[in-house]
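Asker: Contents of run07.pdb (PDB, C-alpha atoms, pLDDT in the B column) are given next:
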MODEL        1
ATOM      1  CA  MET A   1     -30.908   4.918 -31.429  1.00 82.00           C
ATOM      2  CA  ARG A   2     -27.814   6.864 -32.368  1.00 93.00           C
ATOM      3  CA  ILE A   3     -24.490   6.700 -30.562  1.00 95.00           C
ATOM      4  CA  ARG A   4     -22.466   9.878 -30.165  1.00 96.00           C
ATOM      5  CA  VAL A   5     -19.024   8.547 -31.134  1.00 97.00           C
ATOM      6  CA  PRO A   6     -16.747  11.091 -29.382  1.00 97.00           C
ATOM      7  CA  ILE A   7     -18.608  10.591 -26.106  1.00 97.00           C
ATOM      8  CA  ALA A   8     -18.586   6.816 -26.615  1.00 97.00           C
ATOM      9  CA  VAL A   9     -14.794   6.891 -27.049  1.00 98.00           C
ATOM     10  CA  ALA A  10     -14.450   8.932 -23.844  1.00 97.00           C
ATOM     11  CA  PHE A  11     -16.757   6.468 -22.067  1.00 97.00           C
ATOM     12  CA  VAL A  12     -14.723   3.437 -23.183  1.00 96.00           C
ATOM     13  CA  ILE A  13     -11.473   5.120 -22.117  1.00 96.00           C
ATOM     14  CA  SER A  14     -13.013   5.953 -18.727  1.00 94.00           C
ATOM     15  CA  CYS A  15     -14.159   2.327 -18.362  1.00 92.00           C
ATOM     16  CA  PHE A  16     -10.613   1.091 -18.937  1.00 91.00           C
ATOM     17  CA  GLY A  17      -9.219   3.706 -16.565  1.00 89.00           C
ATOM     18  CA  SER A  18     -11.663   2.950 -13.792  1.00 86.00           C
ATOM     19  CA  THR A  19     -11.144  -0.792 -14.264  1.00 80.00           C
ATOM     20  CA  TRP A  20      -7.407  -0.313 -13.936  1.00 81.00           C
ATOM     21  CA  LEU A  21      -7.910   1.748 -10.765  1.00 77.00           C
ATOM     22  CA  GLY A  22     -10.294  -0.818  -9.328  1.00 73.00           C
ATOM     23  CA  LEU A  23      -8.107  -3.846  -9.985  1.00 70.00           C
ATOM     24  CA  LYS A  24      -4.719  -2.529  -8.943  1.00 70.00           C
ATOM     25  CA  SER A  25      -3.380  -3.183  -5.478  1.00 60.00           C
ATOM     26  CA  GLN A  26      -4.844  -1.275  -2.589  1.00 60.00           C
ATOM     27  CA  ALA A  27      -4.186   2.386  -3.187  1.00 57.00           C
ATOM     28  CA  PRO A  28      -2.795   4.624  -0.445  1.00 56.00           C
ATOM     29  CA  ILE A  29      -6.059   6.570  -0.540  1.00 62.00           C
ATOM     30  CA  GLY A  30      -8.096   5.868   2.519  1.00 65.00           C
ATOM     31  CA  GLY A  31     -11.136   6.903   4.477  1.00 64.00           C
ATOM     32  CA  SER A  32     -13.523   9.475   3.119  1.00 68.00           C
ATOM     33  CA  LEU A  33     -11.194  10.417   0.240  1.00 85.00           C
ATOM     34  CA  ASP A  34     -11.611   6.885  -1.129  1.00 84.00           C
ATOM     35  CA  LYS A  35     -15.384   7.282  -1.039  1.00 89.00           C
ATOM     36  CA  PHE A  36     -15.062  10.676  -2.746  1.00 92.00           C
ATOM     37  CA  VAL A  37     -13.033   9.046  -5.554  1.00 89.00           C
ATOM     38  CA  HIS A  38     -15.742   6.381  -5.953  1.00 90.00           C
ATOM     39  CA  PHE A  39     -18.401   9.108  -6.095  1.00 95.00           C
ATOM     40  CA  VAL A  40     -16.503  11.182  -8.695  1.00 95.00           C
ATOM     41  CA  VAL A  41     -15.606   8.222 -10.938  1.00 93.00           C
ATOM     42  CA  PHE A  42     -19.194   6.979 -11.074  1.00 95.00           C
ATOM     43  CA  PHE A  43     -20.528  10.518 -11.461  1.00 97.00           C
ATOM     44  CA  LEU A  44     -18.339  11.110 -14.525  1.00 96.00           C
ATOM     45  CA  MET A  45     -18.946   7.699 -16.065  1.00 96.00           C
ATOM     46  CA  THR A  46     -22.712   8.027 -15.644  1.00 97.00           C
ATOM     47  CA  ILE A  47     -22.704  11.434 -17.323  1.00 97.00           C
ATOM     48  CA  LEU A  48     -20.733   9.991 -20.238  1.00 97.00           C
ATOM     49  CA  PHE A  49     -23.105   7.016 -20.481  1.00 97.00           C
ATOM     50  CA  TYR A  50     -26.200   9.238 -20.409  1.00 97.00           C
ATOM     51  CA  TRP A  51     -24.969  11.573 -23.158  1.00 96.00           C
ATOM     52  CA  MET A  52     -23.435   8.793 -25.271  1.00 97.00           C
ATOM     53  CA  LEU A  53     -26.865   7.575 -26.406  1.00 95.00           C
ATOM     54  CA  ASP A  54     -29.405   9.549 -28.365  1.00 94.00           C
ATOM     55  CA  LEU A  55     -32.724   8.286 -27.008  1.00 94.00           C
ATOM     56  CA  PRO A  56     -35.927   9.856 -25.733  1.00 94.00           C
ATOM     57  CA  ARG A  57     -35.370  11.399 -22.318  1.00 94.00           C
ATOM     58  CA  LYS A  58     -37.439   8.979 -20.203  1.00 95.00           C
ATOM     59  CA  LYS A  59     -36.061   5.862 -21.909  1.00 96.00           C
ATOM     60  CA  LEU A  60     -32.560   7.207 -21.491  1.00 95.00           C
ATOM     61  CA  LEU A  61     -33.094   7.809 -17.780  1.00 95.00           C
ATOM     62  CA  LYS A  62     -34.460   4.285 -17.257  1.00 96.00           C
ATOM     63  CA  LEU A  63     -31.536   2.743 -19.150  1.00 96.00           C
ATOM     64  CA  THR A  64     -28.998   4.858 -17.261  1.00 95.00           C
ATOM     65  CA  LEU A  65     -30.548   3.929 -13.912  1.00 95.00           C
ATOM     66  CA  ALA A  66     -30.519   0.235 -14.807  1.00 95.00           C
ATOM     67  CA  VAL A  67     -27.006   0.106 -16.248  1.00 95.00           C
ATOM     68  CA  CYS A  68     -25.090   2.634 -14.154  1.00 93.00           C
ATOM     69  CA  VAL A  69     -26.905   2.850 -10.840  1.00 89.00           C
ATOM     70  CA  ILE A  70     -28.015  -0.742 -10.393  1.00 89.00           C
ATOM     71  CA  GLY A  71     -25.622  -2.672 -12.594  1.00 90.00           C
ATOM     72  CA  ALA A  72     -22.241  -0.998 -12.607  1.00 90.00           C
ATOM     73  CA  SER A  73     -22.343   0.491  -9.127  1.00 88.00           C
ATOM     74  CA  ILE A  74     -22.924  -2.856  -7.468  1.00 88.00           C
ATOM     75  CA  LEU A  75     -21.255  -5.261  -9.895  1.00 88.00           C
ATOM     76  CA  SER A  76     -18.039  -3.251 -10.068  1.00 83.00           C
ATOM     77  CA  GLU A  77     -17.381  -3.828  -6.378  1.00 82.00           C
ATOM     78  CA  ILE A  78     -18.167  -7.534  -6.683  1.00 81.00           C
ATOM     79  CA  ILE A  79     -15.954  -7.926  -9.778  1.00 78.00           C
ATOM     80  CA  GLN A  80     -13.194  -5.953  -8.064  1.00 74.00           C
ATOM     81  CA  LYS A  81     -13.242  -8.448  -5.195  1.00 74.00           C
ATOM     82  CA  VAL A  82     -13.371 -11.517  -7.442  1.00 77.00           C
ATOM     83  CA  LEU A  83     -10.684 -10.395  -9.920  1.00 72.00           C
ATOM     84  CA  GLY A  84      -8.761  -7.918  -7.808  1.00 63.00           C
ATOM     85  CA  ALA A  85      -5.698  -8.139  -5.667  1.00 57.00           C
ATOM     86  CA  SER A  86      -5.879 -10.296  -2.569  1.00 51.00           C
ATOM     87  CA  ASP A  87      -5.651  -7.265  -0.269  1.00 61.00           C
ATOM     88  CA  ARG A  88      -8.959  -5.851  -1.561  1.00 63.00           C
ATOM     89  CA  GLN A  89     -11.910  -5.946   0.768  1.00 72.00           C
ATOM     90  CA  PHE A  90     -15.579  -5.776  -0.123  1.00 74.00           C
ATOM     91  CA  ASP A  91     -16.971  -2.502   1.220  1.00 81.00           C
ATOM     92  CA  MET A  92     -20.664  -1.603   1.222  1.00 89.00           C
ATOM     93  CA  ASN A  93     -19.740   2.064   1.662  1.00 90.00           C
ATOM     94  CA  ASP A  94     -17.977   1.933  -1.724  1.00 89.00           C
ATOM     95  CA  ILE A  95     -21.215   0.683  -3.271  1.00 92.00           C
ATOM     96  CA  PHE A  96     -23.157   3.504  -1.593  1.00 95.00           C
ATOM     97  CA  ALA A  97     -20.643   6.070  -2.904  1.00 94.00           C
ATOM     98  CA  ASN A  98     -20.927   4.538  -6.406  1.00 93.00           C
ATOM     99  CA  ILE A  99     -24.723   4.643  -6.298  1.00 95.00           C
ATOM    100  CA  LEU A 100     -24.811   8.217  -4.986  1.00 97.00           C
ATOM    101  CA  GLY A 101     -22.414   9.363  -7.728  1.00 96.00           C
ATOM    102  CA  SER A 102     -24.494   7.656 -10.408  1.00 96.00           C
ATOM    103  CA  LEU A 103     -27.785   8.969  -9.015  1.00 96.00           C
ATOM    104  CA  ALA A 104     -26.438  12.521  -8.827  1.00 97.00           C
ATOM    105  CA  ALA A 105     -25.174  12.361 -12.410  1.00 97.00           C
ATOM    106  CA  SER A 106     -28.421  10.786 -13.655  1.00 97.00           C
ATOM    107  CA  GLY A 107     -30.512  13.467 -11.968  1.00 97.00           C
ATOM    108  CA  LEU A 108     -28.328  16.302 -13.215  1.00 98.00           C
ATOM    109  CA  SER A 109     -28.241  14.931 -16.774  1.00 97.00           C
ATOM    110  CA  TYR A 110     -31.998  14.325 -16.829  1.00 97.00           C
ATOM    111  CA  TRP A 111     -32.671  17.851 -15.575  1.00 97.00           C
ATOM    112  CA  TYR A 112     -30.270  19.448 -18.070  1.00 97.00           C
ATOM    113  CA  HIS A 113     -31.654  17.332 -20.918  1.00 96.00           C
ATOM    114  CA  GLY A 114     -35.160  18.588 -20.129  1.00 96.00           C
ATOM    115  CA  ARG A 115     -33.874  22.132 -20.014  1.00 97.00           C
ATOM    116  CA  GLN A 116     -32.262  21.692 -23.440  1.00 95.00           C
ATOM    117  CA  LEU A 117     -35.480  20.332 -24.917  1.00 95.00           C
ATOM    118  CA  GLU A 118     -37.479  23.219 -23.453  1.00 96.00           C
ATOM    119  CA  ARG A 119     -35.081  25.755 -24.965  1.00 95.00           C
ATOM    120  CA  ARG A 120     -35.423  24.089 -28.388  1.00 94.00           C
ATOM    121  CA  ARG A 121     -39.212  24.314 -28.171  1.00 94.00           C
ATOM    122  CA  GLN A 122     -39.101  28.058 -27.526  1.00 90.00           C
TER     123      GLN A 122
ENDMDL
END
Translate this structure into structure tokens?
Answerer:
Amino acid sequence: MRIRVPIAVAFVISCFGSTWLGLKSQAPIGGSLDKFVHFVVFFLMTILFYWMLDLPRKKLLKLTLAVCVIGASILSEIIQKVLGASDRQFDMNDIFANILGSLAASGLSYWYHGRQLERRRQ
């Protein structure tokens, strides 16, 4: 397994940025815009995670699904509540937005990865 360093650096920076956003006091963003932000953040972080590792396509998809979709999407909301500001509230819709963002990014990355491999074969 090889790690693509520039993408890994971007992933670590995005982890710090999203952690900072998640732990700060309640933002003035509300309603569906908040869910859109959750979707976009997890979409981008999942893409970075997927392309950070150089693994076979199916193994990479399984790892991305386990880490990003199951692990980070759910645990981030729990950690945010435990460590966050007292005005934070646990919201299942945030978890659904996180999971949808991660699933969309995983599917798109898996599809594009297959397309890249097919082009190399030709």
Asker: Rank nothing, just name the residue among A:Met45, A:Ile13, A:Leu33, A:Met52 nearest to Met1 (chain A), using all atoms listed in the file.
Answerer: A:Met52
Asker: Env of Leu108 (chain A): 12 Å cut, atoms = all atoms listed in the file, seq-sep filter 3 positions within chain, self excluded. Answer as a list in words.
Answerer: Phe43, Leu44, Thr46, Ile47, Tyr50, Trp51, Leu61, Gly101, Ser102, Leu103, Ala104, Ala105, Trp111, Tyr112, His113, Gly114 and Arg115 of chain A
Asker: Here's the selection I'm unsure about, the PyMOL selection byres ((chain A and resi 53) around 10); applied to the file above, which residues does it give, as an mmCIF file with C-alpha atoms, keeping the file's coordinate frame?
Answerer:
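Dumped to result03.cif:
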data_model
loop_
_atom_site.group_PDB
_atom_site.id
_atom_site.type_symbol
_atom_site.label_atom_id
_atom_site.label_comp_id
_atom_site.auth_asym_id
_atom_site.auth_seq_id
_atom_site.Cartn_x
_atom_site.Cartn_y
_atom_site.Cartn_z
ATOM 1 C CA MET A 1 -30.908 4.918 -31.429
ATOM 2 C CA ARG A 2 -27.814 6.864 -32.368
ATOM 3 C CA ILE A 3 -24.490 6.700 -30.562
ATOM 4 C CA ARG A 4 -22.466 9.878 -30.165
ATOM 5 C CA VAL A 5 -19.024 8.547 -31.134
ATOM 6 C CA ILE A 7 -18.608 10.591 -26.106
ATOM 7 C CA ALA A 8 -18.586 6.816 -26.615
ATOM 8 C CA LEU A 48 -20.733 9.991 -20.238
ATOM 9 C CA PHE A 49 -23.105 7.016 -20.481
ATOM 10 C CA TYR A 50 -26.200 9.238 -20.409
ATOM 11 C CA TRP A 51 -24.969 11.573 -23.158
ATOM 12 C CA MET A 52 -23.435 8.793 -25.271
ATOM 13 C CA ASP A 54 -29.405 9.549 -28.365
ATOM 14 C CA LEU A 55 -32.724 8.286 -27.008
ATOM 15 C CA PRO A 56 -35.927 9.856 -25.733
ATOM 16 C CA LEU A 60 -32.560 7.207 -21.491
ATOM 17 C CA LEU A 63 -31.536 2.743 -19.150
ATOM 18 C CA THR A 64 -28.998 4.858 -17.261
#
Asker: Looking at all atoms listed in the file, which of A:Lys35, A:Ser76, A:Lys62, A:Val41 is the one that sits closest to Asp94 (chain A)?
Answerer: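 Using all atoms listed in the file, the shortest distance to Asp94 (chain A) belongs to A:Lys35.
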Asker: Which is closer to Gln116 (chain A) than all the others in A:Leu83, A:Arg57, A:Phe90, A:Phe96, using all atoms listed in the file?
Answerer: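 Of all the options, A:Arg57 lies closest to Gln116 (chain A).
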Asker: Tell me, in Å to one decimal, how far CA of Ser109 (chain A) is from CA of Ala66 (chain A).
Answerer: 15.0 Å
Asker: Name the closest residue to Leu23 (chain A) among the candidates A:Lys58, A:Ala10, A:Ile74, A:Ile79; distances are taken between atoms, counting all atoms listed in the file.
Answerer: A:Ile79
Asker: For a test of reading the model, state the distance in Å between CA of Ile70 (chain A) and CA of Glu118 (chain A), rounded to one decimal.
Answerer: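 Here the two named atoms are 28.9 Å from each other.
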Asker: One number please: CA of Val12 (chain A) to CA of Val40 (chain A), in Å, one decimal.
Answerer: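 Separating CA of Val12 (chain A) from CA of Val40 (chain A) is a distance of 16.5 Å.
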Asker: Can you work out which one of A:Val9, A:Met92, A:Leu21, A:Leu117 has the shortest atom-to-atom distance to Val37 (chain A), counting only C-alpha atoms?
Answerer: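 Among the listed residues, A:Leu21 lies closest to Val37 (chain A).
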Asker: Mind giving me the axis-aligned box for region 21-24 of chain A with 5 Å on every side, centre plus edges in Å to one decimal, as lines of an AutoDock Vina configuration file?
Answerer:
center_x = -7.5
center_y = -1.0
center_z = -9.9
size_x = 15.6
size_y = 15.6
size_z = 11.8
Asker: When distances are computed from all atoms listed in the file, which of A:Asn98, A:Phe42, A:Gln80, A:Gln122 shows the smallest separation from Cys15 (chain A)?
Answerer: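 Of the candidates, the smallest distance to Cys15 (chain A) is held by A:Phe42.
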